[in-house]
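One structure is given below, encoded as structure tokens.
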Amino acid sequence: MPPLKIKSSLICNRYLSKGLRSTLLLLAASSLFACSQPSSGVSDASTTSASTEDVLAVPKTAEPNVINNSMMTSVSKPDLLKNVSATVYKDANCGCCKEWISHAEDNGLSATAQDVADLAVFKERYSVPNEMRSCHTVVTTDGYVFEGHVPAKYMAQFLENPPVQAMGLAVPGMPIGSPGMEYQNKFMPYQVMQINKDGTTQVYADIESVEQQL
């Protein structure tokens with residue numbers, strides 16, 4: 001892969017688990033996916049770098065499932081998050097963050113994107129556990145936190161009846177096929193995790209297919 005493409009993909013690799021990072025690296029060898037595409041617009045936020053050796057040293061893992069193209073078509077429900085407003089803290093050059101915002105807005109979310117130089121500052125501020133972190137952090141006006149590529153469907157479900165002990169939801173890493181991470185009709189099963197106020201986490205939903213996200 002040309003050096004420039006490796007550099008751009010590293011922006012989003014910062015918060016990946018080792019397994020997910022290796023999977024994305026294998027896929028990126030043939031073609032860039034959404035997260036490695038710089039978004040147009042603000043470019044003054046500083047980007048995060050890591051050594052190429054660190055990325056290439058990650059052990060190989062199985063590739064995601066290949067699914068029918070029609071299954072990846074997004075189903076928009078404009079009323080799903082109609083009365084919800086939130087701020088999205090992200091890196092200026094993160095393309096998959098931009099794609100997730102489009103997914104959320106198509107489902108009614110009123111989103112304000114803020115490109116920040118140091119995402120860790122905001123993840124610490126909103127008490128996102130290290131193992132739950134992803135490429136962007138979403139904070140609603142009510143103070144609930146949604147980390148990473150959480151489907152709008154589950155955001156709405158959570159906000160409709162928030163568990164007393166919960167502060168939000170997270171999709172750790174960046175699973176391929178999750179909203180904003182669509183790539184070559186591939187899908188990686190993943191979990192939506194509930195983040196509790198006491199710092200603990202628990203499974204909120206097991207996502208085994210694309211249909212479950214819609």
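In the structure tokens, chains take letters A, B, ... by order of appearance, with residues numbered from 1 within each chain and ligands from 1 in the order shown.
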* Show which residues sit within 7 Å of Gln202 of chain A, as a list in words. Count only C-alpha atoms, and ignore same-chain residues fewer than 3 positions away. => Met193, Gln194 and Ile195 of chain A
Could you save those same residues with C-alpha atoms as a PDB file, in the first residue's frame?
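See out-v7.pdb below for the written result:
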ATOM      1  CA  MET A 193     -22.426  -2.507  24.884  1.00  0.00           C
ATOM      2  CA  GLN A 194     -24.154  -0.640  27.702  1.00  0.00           C
ATOM      3  CA  ILE A 195     -21.889   1.692  29.690  1.00  0.00           C
TER       4      ILE A 195
END
* If you count only C-alpha atoms, which residues fall within 8 Å of segment 144-155 of chain A, apart from same-chain ones fewer than 2 positions away, as a PyMOL selection string? -> chain A and resi 80-81+100+103-104+107+126+128+132-142+157-159+167-174+178-181+192+213-214
* Nearest to Ala117 of chain A by atom-to-atom distance, counting only C-alpha atoms, from A:Tyr204, A:Tyr190, A:Tyr89, A:Tyr183 -> A:Tyr89
* List every residue of segment 86-117 of chain A that DSSP, applied to the backbone of this structure, assigns to strand (DSSP E or B), and report them as an MDAnalysis selection string. => chainID A and resid 86:90 110:115
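Considering only C-alpha atoms, the residue among A:Ala120, A:Asp198, A:Asp79, A:Gln212 positioned nearest to Asp91 of chain A is A:Ala120.
The two atoms in question, atom CA of Asp118 of chain A and atom CA of Ser102 of chain A, are spaced 22.6 Å apart.
In this model, the gap between atom CA of Pro129 of chain A and atom CA of Gly199 of chain A comes to 7.0 Å.
Atom CA of Ala111 of chain A to atom CA of Val88 of chain A spans 6.7 Å [interatomic distance, one decimal].
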* Structure fact -> Min atom-atom distance to Lys82 of chain A from the set A:Val164, A:Ile176, A:Ala156, A:Met188, counting only C-alpha atoms, belongs to A:Ala156
